[in-house]
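The structure appears below as structure tokens.
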Amino acid sequence: MTATDVPISAEGNPIGFGRMHRKEDARFLRGAGTYVDDVNLPGMLHGAILRSPIAHARITGIDTSAAEAHPKVKAVITGETLEGLGLAWMPTLSQDTQSVLCTDKVRFQGQEVAFVIAEDKYSARDALQLIDVDYEPLDAVVDAKHALDDDAPIVRDDLEGRTDNHIYDWEAGDAAKCDEVFSNAEVVVTQEMLYPRVHPAPMETCGSVASMDPISGKLTIWTTTQAPHAHRTLYALVAGLPEHKIQVISPDIGGGFGNKVGIYPGYVCSIVGSIVTGKPVKWMEDRSENLMSTSFARDYHMTGSIAATKDGKILGLKVDVLADHGAFNGVAQPTKFPAGFFHIFTGSYDYDAAHCNVTAVYTNKAPGGVAYACSFRVTEAVYLVERMIDCLADELGMDPAELRMKNLLKPEQFPYTTPTGWEYDSGDYPRALEEAMRIAGYDDLRAEQAEVRRAYEAGESSKLMGIGISFFTEGVGAGPRKHMDILGLGMADGCELRIHPTGKAVVRLSVQSQGQGHETTFAQIISHELGIPPEDIDVVHGDTDNTPFGLGTYGSRSTPVSGAAAAVVARRVKDKSRIIAAAALECSPDDLEWDHGRWFVKGDPDNAKTIQDIAMAAHSSLELPEGVEGHLDATAVYDPPELTYPFGAYICVTDVDAGTGEVKVRRFIAVDDCGPRINPMIVEGQVHGGVADGIGMALMEVIAFERDGTNLGGSFMDYLLPTSMECPSYELGETVTPSPHHPLGVKGVGESATVGSPAAVVNSVLDAIGVRAADMPLTPAAVWRAMQGSPLRTDLALE
Amino acid sequence: MQVKMTVNGEEREADVEARMLLVHYLRDELGLTGTHWGCDTSNCGTCTVAVDGQAVKSCTMLAAMAGGRDVETVEGVAVDGQLDPVQEGFMREHGLQCGFCTPGMIMTARWLLARDPDPDEATIREAISGNLCRCTGYENIVRAVRWAAEHPEGATDAEEVSA
């Protein structure tokens, strides 16, 4: 099922782009993957973290003596121990600081208080019970809407001069112009909405195995990280360890979704534990620890306003956001953009003016903010605009598809600069929406819906049916060095390629897969460029000693950035191969033409050298032109000139039981345009997973809190992930609009469906029940309440 | 306490704590790390193994409770290095991404097919509903199980591919 012009290798794989089975599957299917918890070293000890049971309390004493007396306990580390090493606090990825082990007061339920190291993991957890901590409870601030009240408890009194919970205000767009557009508009619709706190919850929790070699002074850490090189540099900067003596290995990773970008206190504790004990120390969190303490996502309270003419021409969009960052600002995103890429909230439409303001606050909740496949908050942005479009359609009594079609950017407007400064590279938006409507059979669905509603209103049935649309544009592939860095580290990616004498290749990437199939996709990129069969190309990743520097896999950046680096490095090899082929064929390089893995003399196609011939010649005694070195290796660093902008049109069909509020997703149509597809099978898999994420967020997932800060989403009994029963079979379509500035034209797809799908599901449910707005998750109770007239929730579970 | 059981066809015996979970016994004592662990509440199913042919979440069972029983883990599924039809179905239909839920899914799917060799989509969805996957959205897992149902002897020559 490969494209017809792609040759097929001896093993049946496309030599280039096309469907092929994944190279990494062989080990995963046999249970032979190596995840962090599968790493076991001689003499290894096990760590466990004592966490705060309350959200806000001053610690007045910690007695670890009983734990230390446990026969299998080797050490107990507290904040005091770390203070002596200068490691009690660590920097976050947003220029804030975060407590590693508490020294003063706990600021969220689940915060790290002490670290026990024992001979086995059961004993380590037994010993946690033996630690006696005196807590002096404090009032907690849990609802972001009250975080800036005069009498709100101050979360971060550790920060010099801090007298409130305000973190930052940030704005984009033209407020004055926006006000003018709104004051003259015929129609203005304003809507409050909450994108509630959710959690990436990868199936593998976070953990690390740290091993400090006391003789060489080398620290090796196997850890669940999406960004091994960034972690290495941060350990060097924070802990003062020499960077060449730190090896970060990110082995097989059981899903990331943004959860494994940052550095967690447990990683630091395992490192300190290994230094203190002289033994390797493993720390692996359990599921409750993962849900309660590691990077959450969203928690954006948004108030949007949209201005339009009476006949549905959109004129302006503005939004005020209150962002709940929890106890420490631990957001991972480019420095210049404290609210991530949220200012892409104008989405896929044309406006006269737009403006957003984001105010961020501290609360007594777990830190984090950017995670869960959000593309640096594009998820929140897309949800805002796609909900506002539906609110406007409701106000105007217009079909939401018609309203979108009327206002979508036109192909001839690209490259298009948005009112908030993004430069979209390419797109044909109406074509994507038309394709989604064609697959859905949109008009027939509306006719069926009318009949369902008639029967409901006649009292013949309790069933309702909804049709929801979402159109998204993402900006991914962060990012251009001129605009983007994280803690001062530019976001370019390195890549190295070696062609061995027999023509087999090894490519070394700076990014790390958490399931995206890099070992296959990147082999296909090299194969596409050089004509080497993908089975002859090994991909090395996830080990800082054996790969070039780069900032890692998140924000859908692997193919847009590292994929480009791989194409560039392959083209360097190809350029050199031409010179070597010319030397071997005794002609000028200008006389050669390339055809699927071979250089041939123009007009004499049989007079040729394959890339394999050339590889051997490059390593042989063949005389090379002056200045040309032997061998066939190359390196590259790719600095993306701009972001890439994948887009898509999604339609969700739901059936809703008006009596119980239960929602069933009947159909989900996803038309994605991510440029050319390197491996369509893998792309489709990414879309499937993202749609399931969207269904989960829209209908099931939320991390709620009691008013005292008690986490109500701390296990899979409470934090509900979609199962096979909630997910439909997906109906996919595609359009292809290449990026003009990416060497392969590809745009990235890892987060597209997670970004685009939640609004489609919510729009569908609200379309069914005939309510303009209600907040996620649309559980049966929430749907039922919305139908009774109370659609909005706060982030508190208590009513 | 001493526990003795058959694991992937081999007699295994060890001295373990009475409270040790079967999942930890398999992973930490026997080094069979293909069986994963993903939650504290028996929701996720990544630890699913077969005990006397029944799919069991091995975090719900003490090692001692498996004494005298026949336990099969994902490591025991491929025979002489050749993938079982279920494993092959997962590869062909792209039924896995990060691979973490995959061993549990495979063990559950084998249990289903042993009871019902020709399950329809709804039956498959119900059977795997105790196994969570965060990557695939389940559709390709359903297809993988259907592939295995349609190919009880594995791929035909015409369909042969590298694994």
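Labels used: A, B, ... for chains in the order of the structure tokens, numbers from 1 for residues in each chain, and numbers from 1 for ligands as shown.
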
Could you list the residues in chain B lying within 6 Å of chain A, using only C-alpha atoms, and format the result as a list in words?
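Filtering chain B at 6 Å from chain A with only C-alpha atoms gives Thr33, Gly34, Gly38, Cys39, Asp40, Val74, Glu75, Gln87, Gln97, Cys98, Gly99, Phe100, Arg125, Ser129, Leu132, Cys135, Thr136, Gly137, Tyr138, Glu139 and Ala163 of chain B.
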
Which of stretch 9-133 of chain B DSSP labels helix (DSSP H, G or I), written as a PyMOL selection string
chain B and resi 22-29+63-66+74-76+85-92+102-115+121-127

Just want the 8 Å neighbourhood of stretch 429-444 of chain A, counted on only C-alpha atoms, with same-chain residues fewer than 3 positions away dropped. Output as JSON, numbers by chain.
{"A": [348, 405, 408, 409, 410, 411, 447, 448, 471, 647, 648, 649, 650, 651, 669, 670, 671, 672, 673, 731, 733, 734, 735]}

Expected file contents, prior selection, C-alpha atoms, as a PDB file, in the first residue's frame:
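Final output, selection_28.pdb:
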ATOM      1  CA  SER A 348      -8.472  29.500  11.296  1.00  0.00           C
ATOM      2  CA  MET A 405     -17.112  28.173   5.777  1.00  0.00           C
ATOM      3  CA  LEU A 408     -12.296  30.425   7.080  1.00  0.00           C
ATOM      4  CA  LEU A 409      -9.087  31.845   5.669  1.00  0.00           C
ATOM      5  CA  LYS A 410      -8.912  31.454   1.896  1.00  0.00           C
ATOM      6  CA  PRO A 411      -6.046  29.615   0.204  1.00  0.00           C
ATOM      7  CA  ALA A 447     -31.969  15.785   8.445  1.00  0.00           C
ATOM      8  CA  GLU A 448     -31.692  12.801  10.771  1.00  0.00           C
ATOM      9  CA  PHE A 471     -11.539  23.416  12.788  1.00  0.00           C
ATOM     10  CA  PHE A 647      -4.637  22.046  10.400  1.00  0.00           C
ATOM     11  CA  GLY A 648      -7.754  19.970  10.149  1.00  0.00           C
ATOM     12  CA  ALA A 649     -11.525  19.732  10.192  1.00  0.00           C
ATOM     13  CA  TYR A 650     -13.239  17.439  12.671  1.00  0.00           C
ATOM     14  CA  ILE A 651     -16.871  16.403  12.967  1.00  0.00           C
ATOM     15  CA  ILE A 669     -14.572  12.220  11.325  1.00  0.00           C
ATOM     16  CA  ALA A 670     -11.052  13.662  11.242  1.00  0.00           C
ATOM     17  CA  VAL A 671      -9.584  15.299   8.160  1.00  0.00           C
ATOM     18  CA  ASP A 672      -5.983  16.247   8.879  1.00  0.00           C
ATOM     19  CA  ASP A 673      -3.530  18.178   6.774  1.00  0.00           C
ATOM     20  CA  GLU A 731     -13.250   7.960  10.016  1.00  0.00           C
ATOM     21  CA  GLY A 733      -9.545  11.840   5.672  1.00  0.00           C
ATOM     22  CA  GLU A 734      -6.677  13.945   4.499  1.00  0.00           C
ATOM     23  CA  THR A 735      -5.678  16.898   2.431  1.00  0.00           C
TER      24      THR A 735
END

Selection near stretch 423-427 of chain A, 7 Å with only C-alpha atoms, sequence-local residues under 6 positions removed, as a ChimeraX atom specification
/A:411,414-417,644-645,737,739-740

Could you write those residues out with C-alpha atoms, as a tab-separated table (two decimals), in the first residue's frame?
chain	number	residue	atom	x	y	z
A	411	PRO	CA	-6.05	29.61	0.20
A	414	PHE	CA	-1.38	32.39	2.66
A	415	PRO	CA	1.19	33.10	3.94
A	416	TYR	CA	-1.18	34.77	6.39
A	417	THR	CA	-0.22	36.95	9.33
A	644	THR	CA	4.80	24.81	10.67
A	645	TYR	CA	1.01	25.01	10.76
A	737	THR	CA	-0.72	21.22	1.73
A	739	SER	CA	4.91	23.54	4.27
A	740	PRO	CA	6.89	25.77	1.94

Skipping near chain neighbours, those fewer than 3 positions away, what residues fall within 6 Å of A:Ile611 using only C-alpha atoms, listed as a list in words?
Gly597, Arg598 and Ile614 of chain A

Please save N, CA and C atoms of the selected residues as a tab-separated table (two decimals), in the first residue's frame.
chain	number	residue	atom	x	y	z
A	597	GLY	N	18.57	6.37	-5.27
A	597	GLY	CA	19.69	5.67	-4.64
A	597	GLY	C	20.89	5.43	-5.52
A	598	ARG	N	20.93	6.05	-6.69
A	598	ARG	CA	22.11	5.91	-7.54
A	598	ARG	C	22.37	7.17	-8.34
A	614	ILE	N	29.01	3.67	-3.59
A	614	ILE	CA	29.69	4.92	-3.22
A	614	ILE	C	30.19	4.86	-1.79

Exercise: A:Val209 partners within 10 Å, only C-alpha atoms, chain neighbours under 2 positions left out, as a VMD selection string:
chain A and resid 36 to 41 44 to 47 207 211 220 to 224 249 267 270 to 271 274 280 to 284
